[in-house]
Amino acid sequence: MEDMTKNQKSHEFFINIAQVIEQARRFVGRTADLTMCITYFEIGRMIVEEEQGGKARAEYGKGLMNELAKFLTEKFARGFSLSTLKNAKQFYNVYASSIRQTSSAELNNESKSQTLISFFESQLFTKKSQAMLSQLYPFTLSWSHYLILMRIKNDDERRFYEIEATRGQWTYRFLQRQYGSSLYERLALSRDKDGVMRLAQEGQTIEKPEDMLKNPFVLEFAGLAEDESYSETQLEKALLGKLSKFLLELGTGFLYEARQKRFTYDEEHFRLDLIFYNRLLACYVLFDLKIGKLKHQDLGQMQMYVNYFDRYIKTERENPTVGILLCKEKSDSIVELTLPENANIYATEYSLYLPDKALLQRKLAEWIEEFEETHGTGGQDGIT
């Protein structure tokens with residue numbers, strides 16, 4: 001008994017040490033990311049101000065960048081090539097309007113003569129200076145993330161990805177995938193105009209079943225070729241074989257529960273393709289996979305599944321069950337005609353390859369234009 005208590009205390013001690021190390025690593029990583037972003041932002045600012053100091057000629061700017069790259073490479077050996085300096089300049093130009101412009105003298109009230117360099121040297125690792133730097137330079141991601149973000153021309157789209165990447169702690173590669181899969185456009189095409197505005201201001205918020213939808217869902221990670229024949233069972237197995245990626249594509253709050261769930265009603269047996277639970281909406285979410293064009297019988301079957309869960313599975317504390325049919329092709333008119341109002345059932349298409357971003361951007365622009373013609377701008381100008 002004494003040995004067990006001793007082992008338990010040792011284990012708790014080991015866990016505490018591990019937590020200290022993890023926290024230290026996160027702190028150092030966050031400090032390094034913030035420092036790098038501030039450094040490149042300030043380099044970009046200094047380049048822009050030098051070029052605009054009465055010498056804003058293209059020849060001068062090109063010569064200045066080349067000479068600066070040569071000087072820094074000789075001094076530091078690597079890390080400040082011409083392309084890096086161009087990135088720093090672009091980074092400043094993109095984010096300058098959203099960052100409070102503060103001179104080096106304003107960074108420390110105790111010593112207004114202190115420069116940004118000495119600020120880094122003397123105060124970087126104090127909590128006070130960390131908070132001050134984060135307030136002055138609200139960069140929340142790594143330099144690698146911003147190399148993607150600063151190339152997004154649409155301000156609303158850029159803000160959306162920055163919010164989501166920060167909130168979800170996206171890796172650089174995952175941000176690259178989400179941008180490449182046109183997540184912003186796919187979510188926007190599933191919302192009304194106010195919903196599009198909220199994407200830019202708040203990121204993806206899950207408050208009602210419609211917020212879970214994308215148009216289309218992109219399942220390129222499943223590894224199934226678009227031009228090859230495959231069954232619904234093969235699609236299901238492919239998705240569950242990459243469950244972590246499927247969950248990321250579904251979005252925030254999804255928990256996997258079961259596949260091919262069998263239930264019996266009136267002496268007949270039925271099987272549900274995929275069952276998930278969304279903790280944000282506190283409800284079951286049922287998925288039915290259709291590899292062809294959606295039929296009205298598919299909608300009726302999903303209605304039965306939803307009814308069964310609402311009547312026999314969900315508790316009083318949980319919200320009504322949501323049914324989502326993932327199909328290769330659908331007719332909105334058939335869906336609207338088949339389902340009753342407030343059915344809590346949705347049909348959306350899926351794609352096995354990354355969509356054409358330019359095509360989705362045109363679709364979104366056309367959708368917004370059509371919405372404005374039908375409903376008026378409503379004082380919400382500025383969506384592009």
# chains A, B, ... in the order shown; residues from 1 in each chain; ligands from 1

call {"tool": "closest_atom_pairs", "arguments": {"of": "range 134-245 of chain A", "to": "range 323-338 of chain A", "cutoff": "10 Å", "atoms": "only C-alpha atoms", "output": "Markdown table"}}
result
| residue | atom | partner | partner_atom | distance |
| --- | --- | --- | --- | --- |
| A:Pro209 | CA | A:Gly323 | CA | 9.4 |
| A:Met212 | CA | A:Ile324 | CA | 9.7 |
| A:Leu213 | CA | A:Ile324 | CA | 8.7 |
| A:Pro216 | CA | A:Leu326 | CA | 9.1 |
| A:Phe217 | CA | A:Leu326 | CA | 8.1 |

call {"tool": "write_last_selection", "arguments": {"atoms": "C-alpha atoms", "output": "mmCIF file, in the first residue's frame"}}
result
data_model
loop_
_atom_site.group_PDB
_atom_site.id
_atom_site.type_symbol
_atom_site.label_atom_id
_atom_site.label_comp_id
_atom_site.auth_asym_id
_atom_site.auth_seq_id
_atom_site.Cartn_x
_atom_site.Cartn_y
_atom_site.Cartn_z
ATOM 1 C CA PRO A 209 -27.565 23.173 -38.125
ATOM 2 C CA MET A 212 -22.319 22.955 -40.361
ATOM 3 C CA LEU A 213 -22.885 22.949 -44.113
ATOM 4 C CA PRO A 216 -19.465 21.374 -51.429
ATOM 5 C CA PHE A 217 -17.725 19.170 -48.850
#

call {"tool": "closest_atom_pairs", "arguments": {"of": "range 124-234 of chain A", "to": "range 289-312 of chain A", "cutoff": "10 Å", "atoms": "only C-alpha atoms", "output": "JSON lines"}}
result
{"residue": "A:Ser229", "atom": "CA", "partner": "A:Ile291", "partner_atom": "CA", "distance": 9.4}
{"residue": "A:Tyr230", "atom": "CA", "partner": "A:Ile291", "partner_atom": "CA", "distance": 8.0}
{"residue": "A:Ser231", "atom": "CA", "partner": "A:Ile291", "partner_atom": "CA", "distance": 7.0}
{"residue": "A:Glu232", "atom": "CA", "partner": "A:Ile291", "partner_atom": "CA", "distance": 6.0}
{"residue": "A:Thr233", "atom": "CA", "partner": "A:Leu289", "partner_atom": "CA", "distance": 8.7}

call {"tool": "write_last_selection", "arguments": {"atoms": "C-alpha atoms", "output": "CSV table (one decimal), in the first residue's frame"}}
result
chain,number,residue,atom,x,y,z
A,229,SER,CA,-16.2,3.7,-60.2
A,230,TYR,CA,-16.6,3.1,-56.4
A,231,SER,CA,-19.4,2.0,-54.2
A,232,GLU,CA,-21.0,3.8,-51.2
A,233,THR,CA,-19.4,1.2,-49.0

call {"tool": "residues_around", "arguments": {"residues": "Arg167 in chain A", "least_positions_apart": "5", "cutoff": "10 Å", "atoms": "only C-alpha atoms", "output": "list in words"}}
result
Thr140, Tyr161, Glu162 and Gly203 of chain A

call {"tool": "write_last_selection", "arguments": {"atoms": "C-alpha atoms", "output": "JSON list (two decimals), in the first residue's frame"}}
result
[["chain", "number", "residue", "atom", "x", "y", "z"],
["A", 140, "THR", "CA", -1.18, 35.23, -33.52],
["A", 161, "TYR", "CA", -8.50, 32.21, -42.27],
["A", 162, "GLU", "CA", -6.51, 34.12, -39.65],
["A", 203, "GLY", "CA", -14.79, 32.88, -38.31]]

call {"tool": "closest_residue", "arguments": {"among": "A:His269, A:Lys357, A:Arg279, A:Lys70", "to": "Tyr184 in chain A", "atoms": "only C-alpha atoms"}}
result
A:Lys357

call {"tool": "residues_around", "arguments": {"residues": "Gln204 in chain A", "least_positions_apart": "4", "cutoff": "10 Å", "atoms": "only C-alpha atoms", "output": "list in words"}}
result
Phe160, Tyr161, Ile163, Glu164, Tyr184, Leu187, Ala188, Gly195, Val196, Arg198, Leu199, Ala200, Asp211, Met212, Gly251 and Thr252 of chain A

call {"tool": "closest_residue", "arguments": {"among": "A:Tyr350, A:Tyr40, A:Tyr256, A:Phe221", "to": "Lys242 in chain A", "atoms": "only C-alpha atoms"}}
result
A:Phe221

call {"tool": "closest_residue", "arguments": {"among": "A:Thr315, A:Ser244, A:Thr31, A:Ser81", "to": "Leu141 in chain A", "atoms": "only C-alpha atoms"}}
result
A:Thr31

call {"tool": "atom_distance", "arguments": {"atom1": "CA of Leu280 in chain A", "atom2": "CA of Arg317 in chain A"}}
result
13.2 Å

call {"tool": "atom_distance", "arguments": {"atom1": "CA of Arg177 in chain A", "atom2": "CA of Gln90 in chain A"}}
result
22.3 Å

call {"tool": "atom_distance", "arguments": {"atom1": "CA of Leu82 in chain A", "atom2": "CA of Leu64 in chain A"}}
result
10.3 Å

call {"tool": "select_by_dssp", "arguments": {"residues": "range 303-374 of chain A", "states": "helix (DSSP H, G or I)", "output": "count of residues only"}}
result
36

call {"tool": "closest_residue", "arguments": {"among": "A:Arg186, A:Lys75, A:Lys314, A:Lys86", "to": "Arg362 in chain A", "atoms": "only C-alpha atoms"}}
result
A:Arg186

call {"tool": "residues_around", "arguments": {"residues": "Asn66 in chain A", "least_positions_apart": "6", "cutoff": "12 Å", "atoms": "only C-alpha atoms", "output": "ChimeraX atom specification"}}
result
/A:47,59-60,72-73,80-86

call {"tool": "write_last_selection", "arguments": {"atoms": "N, CA and C atoms", "output": "short mmCIF file (atom, residue, chain, number, x, y, z; two decimals), in the first residue's frame"}}
result
data_model
loop_
_atom_site.label_atom_id
_atom_site.label_comp_id
_atom_site.auth_asym_id
_atom_site.auth_seq_id
_atom_site.Cartn_x
_atom_site.Cartn_y
_atom_site.Cartn_z
N ILE A 47 11.81 49.51 -45.02
CA ILE A 47 12.02 49.52 -46.48
C ILE A 47 11.04 50.45 -47.16
N GLU A 59 13.58 52.28 -59.93
CA GLU A 59 14.99 51.92 -60.02
C GLU A 59 15.65 51.96 -58.64
N TYR A 60 15.30 52.99 -57.86
CA TYR A 60 15.89 53.12 -56.53
C TYR A 60 15.45 51.97 -55.63
N LEU A 72 22.90 42.10 -45.84
CA LEU A 72 22.42 41.24 -44.76
C LEU A 72 22.93 39.81 -44.91
N THR A 73 23.04 39.35 -46.15
CA THR A 73 23.55 37.99 -46.38
C THR A 73 25.01 37.90 -45.98
N PHE A 80 18.02 36.26 -45.17
CA PHE A 80 17.57 37.58 -45.61
C PHE A 80 17.86 37.78 -47.09
N SER A 81 17.38 36.85 -47.89
CA SER A 81 17.54 36.93 -49.33
C SER A 81 16.63 38.02 -49.89
N LEU A 82 16.76 38.28 -51.18
CA LEU A 82 15.91 39.28 -51.82
C LEU A 82 14.45 38.90 -51.73
N SER A 83 14.14 37.62 -51.92
CA SER A 83 12.74 37.17 -51.84
C SER A 83 12.18 37.36 -50.44
N THR A 84 13.02 37.14 -49.40
CA THR A 84 12.59 37.34 -48.01
C THR A 84 12.28 38.81 -47.75
N LEU A 85 13.11 39.69 -48.27
CA LEU A 85 12.87 41.13 -48.09
C LEU A 85 11.61 41.57 -48.82
N LYS A 86 11.36 41.00 -49.98
CA LYS A 86 10.12 41.31 -50.70
C LYS A 86 8.91 40.84 -49.90
#

call {"tool": "select_by_dssp", "arguments": {"residues": "range 237-376 of chain A", "states": "strand (DSSP E or B)", "output": "PyMOL selection string"}}
result
chain A and resi 254-265+268-278+283-293+322-329+345-351
